[in-house]
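Listing of model_28.csv; format and content: CSV, C-alpha atoms.
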chain,number,residue,atom,x,y,z
A,14,MET,CA,0.0,0.0,0.0
A,15,LEU,CA,1.3,3.4,-0.9
A,16,SER,CA,1.3,5.9,1.9
A,17,ARG,CA,3.2,8.9,3.1
A,18,GLN,CA,5.9,6.5,4.5
A,19,ILE,CA,6.4,4.7,1.2
A,20,ARG,CA,8.3,6.2,-1.6
A,21,ILE,CA,9.4,4.8,-5.1
A,22,LEU,CA,12.9,4.9,-6.5
A,23,LYS,CA,13.6,4.3,-10.2
A,24,GLU,CA,16.7,3.0,-11.9
A,25,SER,CA,17.1,2.3,-15.6
A,26,PHE,CA,19.8,0.8,-17.7
A,27,GLU,CA,20.1,-0.4,-21.3
A,28,VAL,CA,20.9,-3.9,-22.5
A,29,PHE,CA,22.3,-4.4,-26.0
A,30,ARG,CA,23.6,-7.8,-26.8
A,31,VAL,CA,22.6,-11.5,-26.6
A,32,GLU,CA,23.2,-12.6,-23.0
A,33,ASP,CA,24.5,-9.2,-22.2
A,34,ARG,CA,25.7,-8.7,-18.6
A,35,ARG,CA,25.1,-5.3,-17.1
A,36,THR,CA,26.0,-4.0,-13.7
A,37,PHE,CA,24.4,-1.0,-12.2
A,38,ASP,CA,24.3,0.8,-8.9
A,39,ILE,CA,21.3,2.2,-7.0
A,40,THR,CA,22.2,5.0,-4.6
A,41,LEU,CA,19.6,5.1,-1.8
A,42,PRO,CA,18.3,8.3,-0.3
A,43,CYS,CA,19.3,9.1,3.2
A,44,ASP,CA,15.8,8.5,4.7
A,45,VAL,CA,15.5,4.9,3.6
A,46,TYR,CA,14.6,2.6,6.4
A,47,LYS,CA,13.8,-0.6,4.4
A,48,VAL,CA,13.0,-1.7,0.9
A,49,VAL,CA,9.5,-3.2,0.9
A,50,GLY,CA,9.0,-4.1,-2.7
A,51,ILE,CA,10.4,-4.3,-6.2
A,52,ASN,CA,9.0,-4.1,-9.7
A,53,PHE,CA,10.4,-4.2,-13.2
A,54,VAL,CA,9.4,-2.9,-16.6
A,55,VAL,CA,10.9,-4.1,-19.9
A,56,ASN,CA,9.7,-2.8,-23.2
A,57,PRO,CA,10.9,-5.1,-26.0
A,58,GLY,CA,12.0,-3.5,-29.2
A,59,ASN,CA,10.5,-4.2,-32.6
A,60,GLY,CA,12.5,-7.3,-33.4
A,61,ASN,CA,11.8,-9.1,-30.1
A,62,TRP,CA,8.2,-7.9,-30.1
A,63,ASN,CA,7.5,-9.4,-33.5
A,64,LYS,CA,9.1,-12.7,-32.4
A,65,LEU,CA,6.8,-12.6,-29.3
A,66,LEU,CA,3.7,-12.0,-31.4
A,67,ALA,CA,4.6,-14.9,-33.6
A,68,THR,CA,5.0,-17.3,-30.7
A,69,PRO,CA,1.8,-18.9,-29.3
A,70,TRP,CA,3.2,-19.4,-25.8
A,71,PRO,CA,6.2,-17.1,-25.5
A,72,GLU,CA,8.8,-17.3,-22.8
A,73,ASN,CA,8.1,-15.2,-19.8
A,74,THR,CA,11.6,-14.1,-18.8
A,75,ALA,CA,13.4,-11.0,-20.0
A,76,GLY,CA,16.4,-11.6,-17.9
A,77,ASN,CA,17.8,-12.5,-14.5
A,78,ILE,CA,18.7,-9.9,-11.9
A,79,SER,CA,20.6,-10.0,-8.6
A,80,LEU,CA,21.0,-7.3,-6.0
A,81,ARG,CA,23.8,-7.2,-3.4
A,82,TRP,CA,25.4,-5.0,-0.9
A,83,HIS,CA,29.2,-5.2,-1.1
A,84,ALA,CA,30.9,-8.4,-2.1
A,85,PRO,CA,29.5,-11.0,-4.5
A,86,GLY,CA,28.5,-13.1,-1.4
A,87,ASP,CA,26.2,-10.3,-0.1
A,88,VAL,CA,23.4,-11.0,-2.5
A,89,PHE,CA,20.0,-10.3,-0.9
A,90,LEU,CA,17.7,-10.8,-4.0
A,91,GLN,CA,18.0,-13.0,-7.0
A,92,THR,CA,15.0,-13.2,-9.3
A,93,THR,CA,13.9,-13.3,-12.9
A,94,VAL,CA,12.6,-10.2,-14.6
A,95,ALA,CA,9.2,-11.2,-16.0
A,96,LEU,CA,8.3,-10.1,-19.5
A,97,GLU,CA,4.9,-8.8,-18.8
A,98,MET,CA,3.8,-8.9,-22.4
A,99,SER,CA,3.7,-12.6,-22.4
A,100,TYR,CA,1.1,-12.6,-19.6
A,101,GLU,CA,-0.9,-10.4,-21.8
A,102,MET,CA,-0.6,-12.7,-24.8
A,103,ASN,CA,-1.2,-15.9,-22.8
A,104,HIS,CA,-4.7,-14.6,-22.2
A,105,GLY,CA,-5.5,-14.6,-25.9
A,106,PRO,CA,-6.2,-18.3,-26.5
A,107,LEU,CA,-8.6,-18.2,-23.5
A,108,GLY,CA,-10.8,-15.9,-25.6
A,109,ILE,CA,-10.7,-12.9,-23.3
A,110,VAL,CA,-10.2,-10.1,-25.8
A,111,ALA,CA,-11.1,-6.5,-25.2
A,112,PRO,CA,-13.6,-4.9,-27.5
A,113,GLY,CA,-11.9,-3.8,-30.7
A,114,GLY,CA,-8.8,-5.6,-29.8
A,115,THR,CA,-6.6,-7.1,-32.5
A,116,LEU,CA,-3.6,-9.4,-32.2
A,117,ALA,CA,-1.1,-6.6,-32.2
A,118,LYS,CA,-3.1,-4.2,-30.1
A,119,ARG,CA,-4.8,-6.3,-27.5
A,120,THR,CA,-5.5,-4.4,-24.4
A,121,GLU,CA,-6.4,-6.9,-21.8
A,122,PHE,CA,-3.9,-8.1,-19.2
A,123,TRP,CA,-4.4,-9.5,-15.8
A,124,TYR,CA,-1.8,-8.0,-13.7
A,125,SER,CA,-2.2,-4.6,-12.0
A,126,GLY,CA,-0.1,-2.1,-10.2
A,127,ARG,CA,-1.1,-3.9,-6.9
A,128,ASN,CA,1.2,-6.8,-7.4
A,129,TYR,CA,4.7,-5.5,-7.1
A,130,ARG,CA,6.9,-8.2,-5.6
A,131,PRO,CA,7.1,-7.7,-1.8
A,132,ILE,CA,10.6,-7.9,-0.3
A,133,ASP,CA,11.6,-6.9,3.1
A,134,VAL,CA,15.2,-5.7,3.3
A,135,GLU,CA,16.2,-3.5,6.2
A,136,ILE,CA,18.9,-1.0,5.4
A,137,ASP,CA,22.0,-0.9,7.5
A,138,SER,CA,23.4,2.6,8.0
A,139,ASN,CA,26.6,1.4,6.3
A,140,HIS,CA,24.7,0.6,3.1
A,141,ARG,CA,23.9,3.5,0.9
A,142,VAL,CA,24.4,1.8,-2.4
A,143,ILE,CA,22.8,-1.4,-3.9
A,144,HIS,CA,24.9,-3.1,-6.5
A,145,GLY,CA,22.9,-4.8,-9.3
A,146,PHE,CA,23.7,-7.4,-11.9
A,147,TYR,CA,21.5,-8.2,-14.9
A,148,LYS,CA,21.9,-10.9,-17.5
A,149,ASP,CA,19.8,-10.9,-20.7
A,150,VAL,CA,17.5,-13.7,-21.8
A,151,LEU,CA,15.2,-11.8,-24.1
A,152,ASN,CA,17.7,-11.2,-26.9
A,153,LYS,CA,18.9,-14.8,-26.5
A,154,LEU,CA,15.4,-16.1,-27.0
A,155,GLY,CA,14.7,-13.7,-29.9
A,156,ARG,CA,18.1,-14.4,-31.4
A,157,VAL,CA,18.5,-10.7,-32.2
A,158,GLU,CA,20.9,-8.1,-30.8
A,159,GLU,CA,18.4,-5.4,-30.0
A,160,ALA,CA,18.8,-2.6,-27.4
A,161,TYR,CA,16.1,-2.4,-24.7
A,162,THR,CA,15.8,-0.7,-21.4
A,163,VAL,CA,15.2,-2.4,-18.0
A,164,HIS,CA,13.5,-0.2,-15.4
A,165,VAL,CA,13.8,-1.2,-11.8
A,166,TYR,CA,11.4,0.3,-9.3
A,167,LEU,CA,12.2,0.0,-5.6
A,168,TYR,CA,9.4,0.7,-3.1
A,169,TYR,CA,11.0,1.8,0.2
A,170,GLU,CA,9.8,2.9,3.6
A,171,ARG,CA,11.1,6.1,5.1
A,172,THR,CA,12.5,6.6,8.6
A,173,GLY,CA,11.0,8.9,11.2
A,174,GLN,CA,8.0,10.3,9.2
B,26,MET,CA,-15.1,4.3,8.3
B,27,GLY,CA,-16.6,6.9,6.0
B,28,LYS,CA,-18.3,6.3,2.7
B,29,ILE,CA,-16.1,5.3,-0.2
B,30,ILE,CA,-16.6,7.1,-3.5
B,31,ARG,CA,-14.8,6.8,-6.8
B,32,LYS,CA,-14.0,9.9,-8.9
B,33,ARG,CA,-12.7,10.4,-12.4
B,34,TYR,CA,-10.4,13.1,-13.5
B,35,ASP,CA,-9.6,13.6,-17.2
B,36,LEU,CA,-6.3,15.0,-18.4
B,37,PRO,CA,-6.3,17.1,-21.6
B,38,LEU,CA,-6.1,15.3,-24.9
B,39,VAL,CA,-2.6,14.2,-25.8
B,40,GLN,CA,-2.5,15.6,-29.3
B,41,ASN,CA,1.1,15.0,-30.4
B,42,ALA,CA,3.7,12.3,-29.9
B,43,GLU,CA,6.2,12.9,-27.1
B,44,ASP,CA,3.8,15.6,-25.6
B,45,ASN,CA,2.8,16.3,-22.0
B,46,ALA,CA,-0.7,16.5,-20.5
B,47,LYS,CA,-0.9,18.3,-17.2
B,48,GLY,CA,-3.8,18.7,-14.9
B,49,ASP,CA,-4.6,20.3,-11.5
B,50,PHE,CA,-7.7,18.9,-9.8
B,51,GLU,CA,-9.5,19.7,-6.6
B,52,LEU,CA,-10.7,16.7,-4.5
B,53,ASP,CA,-14.1,16.5,-2.9
B,54,LYS,CA,-14.1,18.9,0.1
B,55,HIS,CA,-15.3,16.1,2.4
B,56,THR,CA,-12.3,13.8,1.5
B,57,ALA,CA,-10.9,12.1,4.6
B,58,ARG,CA,-8.4,9.8,2.9
B,59,VAL,CA,-7.4,8.8,-0.6
B,60,ARG,CA,-7.6,5.0,-0.7
B,61,GLY,CA,-6.8,4.0,-4.2
B,62,LEU,CA,-5.5,5.0,-7.7
B,63,LEU,CA,-6.2,3.7,-11.2
B,64,LEU,CA,-5.2,5.0,-14.6
B,65,THR,CA,-7.0,4.2,-17.8
B,66,SER,CA,-7.5,5.8,-21.2
B,67,ASP,CA,-9.8,5.8,-24.3
B,68,ARG,CA,-6.8,4.1,-26.0
B,69,ASP,CA,-5.4,1.6,-23.5
B,70,GLU,CA,-2.6,0.5,-25.8
B,71,MET,CA,-1.2,4.1,-25.9
B,72,LEU,CA,-1.2,4.3,-22.2
B,73,TYR,CA,0.3,0.8,-21.9
B,74,HIS,CA,3.2,1.2,-24.3
B,75,ARG,CA,3.9,4.9,-24.4
B,76,GLY,CA,3.1,6.5,-21.1
B,77,THR,CA,4.8,7.7,-17.9
B,78,VAL,CA,3.2,9.8,-15.2
B,79,GLN,CA,4.0,11.8,-12.1
B,80,ILE,CA,1.3,12.3,-9.5
B,81,LEU,CA,1.4,14.8,-6.6
B,82,LEU,CA,-1.2,15.1,-3.8
B,83,ASN,CA,-1.0,18.1,-1.6
B,84,GLY,CA,2.4,18.9,-3.2
B,85,GLU,CA,3.8,15.6,-2.2
B,86,GLU,CA,5.0,13.1,-4.7
B,87,VAL,CA,2.8,10.0,-4.5
B,88,ILE,CA,4.0,8.6,-7.8
B,89,PRO,CA,7.5,9.7,-8.9
B,90,ASP,CA,8.5,11.3,-12.2
B,91,GLU,CA,8.6,8.9,-15.2
B,92,TYR,CA,6.7,6.1,-13.5
B,93,HIS,CA,5.3,3.7,-16.2
B,94,THR,CA,1.6,4.0,-16.5
B,95,LYS,CA,1.3,0.3,-17.3
B,96,LEU,CA,2.0,-0.3,-13.6
B,97,LEU,CA,-1.1,1.7,-12.7
B,98,MET,CA,-3.5,0.1,-15.1
B,99,SER,CA,-5.7,-2.9,-14.5
B,100,GLY,CA,-7.3,-5.0,-17.2
B,101,LEU,CA,-10.4,-7.1,-17.7
B,102,GLY,CA,-8.8,-10.1,-16.1
B,103,VAL,CA,-8.4,-8.4,-12.8
B,104,ALA,CA,-11.2,-8.6,-10.3
B,105,PRO,CA,-13.0,-5.3,-10.0
B,106,LYS,CA,-12.3,-5.0,-6.3
B,107,ASN,CA,-8.6,-5.4,-7.0
B,108,ARG,CA,-8.2,-2.9,-9.7
B,109,TYR,CA,-7.2,0.2,-7.7
B,110,LEU,CA,-3.6,0.5,-6.4
B,111,PRO,CA,-4.1,0.7,-2.6
B,112,MET,CA,-3.0,3.9,-1.0
B,113,ASP,CA,-3.5,5.8,2.3
B,114,HIS,CA,-2.9,9.5,1.9
B,115,ALA,CA,-4.4,12.4,3.7
B,116,PRO,CA,-5.8,15.0,1.2
B,117,GLY,CA,-4.0,18.0,2.7
B,118,ASN,CA,-5.0,21.0,0.6
B,119,GLY,CA,-7.0,18.7,-1.7
B,120,ILE,CA,-5.1,19.5,-4.8
B,121,LEU,CA,-4.2,16.6,-7.1
B,122,LYS,CA,-1.6,17.3,-9.7
B,123,ALA,CA,-0.8,14.9,-12.6
B,124,ILE,CA,1.8,15.2,-15.3
B,125,TYR,CA,1.5,12.6,-18.0
B,126,THR,CA,4.3,12.2,-20.6
B,127,ASP,CA,4.0,10.4,-23.9
B,128,SER,CA,7.2,8.8,-25.3
B,129,ASN,CA,7.9,7.0,-28.6
B,130,SER,CA,7.5,3.2,-28.6
B,131,ALA,CA,8.9,0.7,-31.1
B,132,VAL,CA,5.7,-1.3,-31.0
B,133,GLN,CA,2.9,1.4,-30.8
B,134,GLY,CA,2.4,4.3,-33.2
B,135,PHE,CA,0.8,7.5,-32.0
B,136,ASP,CA,-2.9,8.5,-32.1
B,137,PRO,CA,-4.4,11.2,-30.0
B,138,TYR,CA,-5.8,9.9,-26.8
B,139,THR,CA,-7.1,11.0,-23.4
B,140,VAL,CA,-5.8,9.8,-20.0
B,141,SER,CA,-8.2,9.4,-17.1
B,142,ILE,CA,-7.3,9.1,-13.4
B,143,TYR,CA,-9.6,7.4,-11.0
B,144,LEU,CA,-9.4,7.9,-7.3
B,145,GLU,CA,-11.0,5.8,-4.6
B,146,ILE,CA,-11.8,8.4,-1.9
B,147,GLU,CA,-13.0,7.8,1.7
B,148,LEU,CA,-15.3,10.6,2.8
B,149,GLU,CA,-15.5,12.1,6.3
B,150,GLU,CA,-18.0,10.1,8.5
B,151,ASP,CA,-20.5,12.9,8.8
B,152,ALA,CA,-20.4,13.7,5.0
B,153,GLN,CA,-23.6,13.0,3.2
Structure re-expressed in structure tokens:
Amino acid sequence: MLSRQIRILKESFEVFRVEDRRTFDITLPCDVYKVVGINFVVNPGNGNWNKLLATPWPENTAGNISLRWHAPGDVFLQTTVALEMSYEMNHGPLGIVAPGGTLAKRTEFWYSGRNYRPIDVEIDSNHRVIHGFYKDVLNKLGRVEEAYTVHVYLYYERTGQ
Amino acid sequence: MGKIIRKRYDLPLVQNAEDNAKGDFELDKHTARVRGLLLTSDRDEMLYHRGTVQILLNGEEVIPDEYHTKLLMSGLGVAPKNRYLPMDHAPGNGILKAIYTDSNSAVQGFDPYTVSIYLEIELEEDAQ
């Protein structure tokens, strides 16, 4: 639930190649008490998008991500980045199509902004930076080298408000 | 708990690609808490692929700059009672400010469209 205590932090980075490995850093604001949730957005480019449309049951993973504090052993979150488009298209064969929807412009999807992934990570005062690592799957599946952007949203709770 | 109402606020038509649509709205004067938020459009696919939004309530940033609107939408497959993003905000001065930004997408061409913001509002207990 969003409230005065909850704020949202956004970090974006670009992925270029097949199985591209990207590192990124997220600098936390000084009032962060703990991270309560995470969400990702990946918008595939034209090449990957066309491959997805042509696949009846497309893969659901855009890539794998891990977040850590200092050393490689300090990982506190490892997860897949879901390709939300595939949820949308999985609905097609079930016959739930919005009025006026076509294959390329279907508008129904079953997820909503409510379901960001809850995580509960308290922030030590020594930790002001989260180090992230991302490995591409989308370009590998599509067999194209196409740039796309991964957006990471962190939902955090503030201290003393 | 006060009565729950749902209100719609329309932003001006997005007429050109990569354009902004801004709106200042006044909440119901009997608003006790803002309980939920939902975004929709007359062209859902535009909102889904091209949109980012910033929403401020009482001058405070509820949704940060360049937040993807697809994360604030709900589709037909979502149960109606689950469609609003749950929130708990005091209305303060009751001014809702929204800045919507259209950006180019590889998969969705541009057509003019309107963005609507729905709020789930809890009224004061003695409000009629």
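Residue-level contact on chain B: within 8 Å of chain A, counting only C-alpha atoms, the set is Asp69, Glu70, His74, Val87, Ile88, Pro89, Tyr92, His93, Lys95, Leu96, Leu97, Met98, Ser99, Gly100, Leu101, Gly102, Val103, Asn107, Arg108, Tyr109, Leu110, Pro111, Met112, Asp113, His114, Ala131 and Val132 of chain B.
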Neighbouring residues of Thr77 (chain B) were defined as those with any atom within 8 Å, considering only C-alpha atoms; residues of the same chain fewer than 6 positions away were excluded. Please report them as a ChimeraX atom specification.
/B:90-94,125-128
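Comparing B:Pro137, B:Gly48, B:Pro105, B:Gly117 by their smallest distance to Met71 (chain B), the closest is B:Pro137 (using only C-alpha atoms).
Between Gly27 (chain B) and the candidates B:Glu147, B:Ile142, B:Leu62, B:Ala123, the tightest atom-to-atom separation, counting all atoms listed in the file, involves B:Glu147.
Note that the spacing between CA of Arg156 (chain A) and CA of Arg35 (chain A) amounts to 18.3 Å.
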